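Q: Dropping a structure here in structure tokens format, bear with me for questions.
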Amino acid sequence: MALIVQKFGGSSVADAQRIFHVAEIITKTYQQGNSVCVVLSAQGDTTDDLIEKAREINPDASRREMDMLLSCGEQMSIALMAMAIEKLGFPVVSLCAWQIGMATDSNHSAAHITKVDCERVKEELDRKRIVLVAGFQGVDRTGDITTLGRGGSDTSAVALAAFLGAERCIIYTDVDGVYTTDPRVCPTARRLAAVSCDQMLRHAANGAQVLHDRSVALAARHGVTVEVRSCEEGSVGTLVVPHVEESREVTGVTRSRCGEVTRVTAIGRALPSLAAIRAAVSALETAGITVLGLEEGEQRVTLLVKRDDEDAALCAVHDALVPR
């Protein structure tokens, strides 16, 4: 029997139909004889809606009270999911961060996890229950609720996997794994079978939104292998592993926006190189895209383009530098 941690994002549990679809994934994993601990994000746009409600009352609300409010979204998700799993006839329990000892510092809205006291989770797993945990939230040493900032549920899942000693940590996203660039924009993007935490950190730091950088850093520190996949049947996914032999090629192209300018960044051990820069600039010029600036860094090259050109620029640089 394996211990598996699963994490589902807000879009995966946005409505009743999607909740039951995820419940079927969870219970199927359980029926295979595994112990299952699941981390959930707030439904759909719930967090944004809560922020808007706060602004209606007090645009200058303290970060402590914002954490108290925003943590409600994840609590709602785990309760609704528990109800769905109960309806399917499986034993389940939902737990907030304070109930599992998800300890953090007191940096409200961007707290760091310091420890997870997994005793309650282990007790519930020993009772053969599926355990649902509210992501994104923790509790500081005074007992106040904290939140972990953007991508916090990914971080919650990796932390639980690390402290529980889970065999796998599966992050379910909108795409089937980690791609060389955004597959929704670039038709030639290809899925990576495996990528190192180091390269994943570089991708995340330069705009890739598959995994948050803090969760990847935590996985690297604790030796946790993360599997990124979609909720669709037959999803293959990508393994994000602490150590993997890296090719000396460009592993991907990302983008990040800064006002009216977009930074298109190629990443890989082959960079920076004069040949790659020339190839990228030439590809952009051929596509009729003006290069506004150029930056070089460790294992990366960044080209600045107008925001209106970002999709075409992403495809052009990807096809010029990433091996097929």
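Chain labels run A, B, ... following the order of the structure tokens; each chain numbers its residues from 1, and ligands are numbered from 1 in the order shown.
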Please tabulate, as a tab-separated table, the residues of segment 162-259 of chain A that come within 12 Å of segment 119-133 of chain A, each with its closest pair of atoms and the distance in Å to one decimal, counting only C-alpha atoms and ordering rows by chain, then residue number upward.

A:
```
residue	atom	partner	partner_atom	distance
A:Phe163	CA	A:Glu119	CA	10.3
A:Leu164	CA	A:Lys122	CA	8.0
A:Gly165	CA	A:Lys122	CA	10.9
A:Ala166	CA	A:Lys122	CA	11.3
```

Q: Write the residues of the selection above to a file with N, CA and C atoms, as a short mmCIF file (atom, residue, chain, number, x, y, z; two decimals), in the first residue's frame.

A:
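Output below, filename out.cif:
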```cif
data_model
loop_
_atom_site.label_atom_id
_atom_site.label_comp_id
_atom_site.auth_asym_id
_atom_site.auth_seq_id
_atom_site.Cartn_x
_atom_site.Cartn_y
_atom_site.Cartn_z
N PHE A 163 6.68 15.66 4.92
CA PHE A 163 6.60 15.30 6.34
C PHE A 163 5.90 13.96 6.58
N LEU A 164 5.06 13.54 5.61
CA LEU A 164 4.42 12.24 5.73
C LEU A 164 5.28 11.12 5.17
N GLY A 165 6.29 11.49 4.37
CA GLY A 165 7.10 10.48 3.69
C GLY A 165 6.31 9.79 2.60
N ALA A 166 5.48 10.54 1.87
CA ALA A 166 4.62 9.97 0.83
C ALA A 166 5.44 9.42 -0.32
#
```

Q: Contacts between segment 138-141 of chain A and segment 152-240 of chain A, please, where a residue of segment 152-240 of chain A counts if it comes within 12 Å (with only C-alpha atoms); show its shortest atom pair and distance in Å to one decimal, rows by chain and ascending number, as CSV.

A:
```
residue,atom,partner,partner_atom,distance
A:Gly152,CA,A:Gly138,CA,9.9
A:Ser153,CA,A:Gly138,CA,10.5
A:Thr155,CA,A:Gly138,CA,11.0
A:Ser156,CA,A:Gly138,CA,8.7
A:Ala159,CA,A:Gly138,CA,11.3
A:Leu160,CA,A:Gly138,CA,11.9
```

Q: Suppose we keep N, CA, C and O atoms; can you now write the selection as a PDB file, in the first residue's frame?

A:
```pdb
ATOM      1  N   GLY A 152       0.088  28.734  -3.045  1.00  0.00           N
ATOM      2  CA  GLY A 152       0.242  28.165  -1.712  1.00  0.00           C
ATOM      3  C   GLY A 152      -0.235  26.732  -1.557  1.00  0.00           C
ATOM      4  O   GLY A 152       0.309  25.975  -0.757  1.00  0.00           O
ATOM      5  N   SER A 153      -1.241  26.341  -2.337  1.00  0.00           N
ATOM      6  CA  SER A 153      -1.736  24.963  -2.213  1.00  0.00           C
ATOM      7  C   SER A 153      -0.723  23.956  -2.740  1.00  0.00           C
ATOM      8  O   SER A 153      -0.615  22.842  -2.221  1.00  0.00           O
ATOM      9  N   THR A 155       2.451  24.352  -2.433  1.00  0.00           N
ATOM     10  CA  THR A 155       3.413  24.276  -1.333  1.00  0.00           C
ATOM     11  C   THR A 155       2.873  23.410  -0.201  1.00  0.00           C
ATOM     12  O   THR A 155       3.607  22.607   0.386  1.00  0.00           O
ATOM     13  N   SER A 156       1.580  23.551   0.102  1.00  0.00           N
ATOM     14  CA  SER A 156       0.958  22.719   1.137  1.00  0.00           C
ATOM     15  C   SER A 156       1.096  21.240   0.800  1.00  0.00           C
ATOM     16  O   SER A 156       1.439  20.411   1.660  1.00  0.00           O
ATOM     17  N   ALA A 159       4.730  20.006   1.119  1.00  0.00           N
ATOM     18  CA  ALA A 159       5.090  19.931   2.534  1.00  0.00           C
ATOM     19  C   ALA A 159       4.491  18.689   3.184  1.00  0.00           C
ATOM     20  O   ALA A 159       5.168  17.976   3.939  1.00  0.00           O
ATOM     21  N   LEU A 160       3.236  18.405   2.895  1.00  0.00           N
ATOM     22  CA  LEU A 160       2.603  17.206   3.448  1.00  0.00           C
ATOM     23  C   LEU A 160       3.301  15.942   2.959  1.00  0.00           C
ATOM     24  O   LEU A 160       3.557  15.018   3.738  1.00  0.00           O
TER      25      LEU A 160
END
```

Q: List as a ChimeraX atom specification the protein and nucleic acid residues near Val301 of chain A, meaning an atom at most 8 Å away when only C-alpha atoms are counted, but skip any in the same chain fewer than 5 places from it.

A: /A:265-267,271-272,277,294-296

Q: Write out the residues from the selection above, keeping N, CA, C and O atoms, as an mmCIF file, in the first residue's frame.

A:
```cif
data_model
loop_
_atom_site.group_PDB
_atom_site.id
_atom_site.type_symbol
_atom_site.label_atom_id
_atom_site.label_comp_id
_atom_site.auth_asym_id
_atom_site.auth_seq_id
_atom_site.Cartn_x
_atom_site.Cartn_y
_atom_site.Cartn_z
ATOM 1 N N THR A 265 11.677 34.359 -22.353
ATOM 2 C CA THR A 265 12.929 33.818 -21.826
ATOM 3 C C THR A 265 13.134 32.370 -22.234
ATOM 4 O O THR A 265 12.284 31.507 -21.985
ATOM 5 N N ALA A 266 14.262 32.099 -22.861
ATOM 6 C CA ALA A 266 14.680 30.737 -23.176
ATOM 7 C C ALA A 266 15.563 30.233 -22.044
ATOM 8 O O ALA A 266 16.419 30.972 -21.531
ATOM 9 N N ILE A 267 15.355 28.973 -21.633
ATOM 10 C CA ILE A 267 16.036 28.417 -20.457
ATOM 11 C C ILE A 267 16.686 27.096 -20.811
ATOM 12 O O ILE A 267 16.111 26.274 -21.533
ATOM 13 N N LEU A 271 22.559 27.755 -22.498
ATOM 14 C CA LEU A 271 22.494 29.213 -22.517
ATOM 15 C C LEU A 271 23.298 29.837 -21.385
ATOM 16 O O LEU A 271 23.507 29.210 -20.348
ATOM 17 N N PRO A 272 23.715 31.110 -21.578
ATOM 18 C CA PRO A 272 23.567 31.897 -22.798
ATOM 19 C C PRO A 272 24.634 31.519 -23.835
ATOM 20 O O PRO A 272 25.705 31.061 -23.479
ATOM 21 N N ILE A 277 21.371 33.349 -29.274
ATOM 22 C CA ILE A 277 20.859 34.718 -29.337
ATOM 23 C C ILE A 277 20.604 35.127 -30.787
ATOM 24 O O ILE A 277 19.554 35.675 -31.127
ATOM 25 N N LEU A 294 17.551 42.993 -24.723
ATOM 26 C CA LEU A 294 18.115 41.652 -24.583
ATOM 27 C C LEU A 294 18.836 41.554 -23.259
ATOM 28 O O LEU A 294 19.580 42.457 -22.866
ATOM 29 N N GLU A 295 18.600 40.448 -22.541
ATOM 30 C CA GLU A 295 19.265 40.212 -21.264
ATOM 31 C C GLU A 295 19.831 38.798 -21.251
ATOM 32 O O GLU A 295 19.223 37.879 -21.786
ATOM 33 N N GLU A 296 20.984 38.642 -20.623
ATOM 34 C CA GLU A 296 21.583 37.320 -20.464
ATOM 35 C C GLU A 296 21.742 37.016 -18.983
ATOM 36 O O GLU A 296 21.959 37.908 -18.168
#
```

Q: My list of candidates is A:Thr262, A:His108, A:Ile289, A:His222. Which is closest to Ser62 of chain A when distances are computed with only C-alpha atoms?

A: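 Closest candidate: A:His108.
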
Q: Which one is closest to Ser71 of chain A: A:Val93, A:Ala42, A:Cys169, A:Ala204? Count only C-alpha atoms.

A: A:Ala42

Q: Considering only C-alpha atoms, return as number ranges by chain whatever protein or nucleic-acid residues lie within 8 Å of Asp15 of chain A, sequence-local ones (same chain, fewer than 3 positions apart) excluded.

A: A: 18-19, 43-44

Q: Just the residues within 12 Å of Asp105 of chain A, please, counting only C-alpha atoms, with nothing from its chain fewer than 6 positions along; format it as a ChimeraX atom specification.

A: /A:111-115,137-148

Q: Atom CA of Val158 of chain A and atom CA of Val226 of chain A are how many Å apart?

A: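 Calculated distance between atom CA of Val158 of chain A and atom CA of Val226 of chain A is 7.7 Å.
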
Q: Using only C-alpha atoms, can you tell me which of A:Leu192, A:Val250, A:Val244, A:Ile85 comes closest to Val228 of chain A?

A: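 For Val228 of chain A, the nearest of the given residues is A:Leu192.
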
Q: Enumerate as a PyMOL selection string all residues of segment 61-285 of chain A assigned to alpha helix (DSSP H) by DSSP on the backbone, naming them with the chain letters and numbers the document uses.

A: chain A and resi 63-87+97-100+119-126+152-164+197-205+213-222+274-285

Q: Residues within 9 Å of Val305 of chain A, please, as a list in words. Count only C-alpha atoms; anything in the same chain fewer than 2 positions from it doesn't count.

A: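 Selected residues are Glu260, Val261, Thr262, Arg263, Val264, Ile289, Thr290, Val291, Leu292, Gly293, Leu303, Arg307, Asp308, Asp309, Glu310 and Ala313 of chain A.
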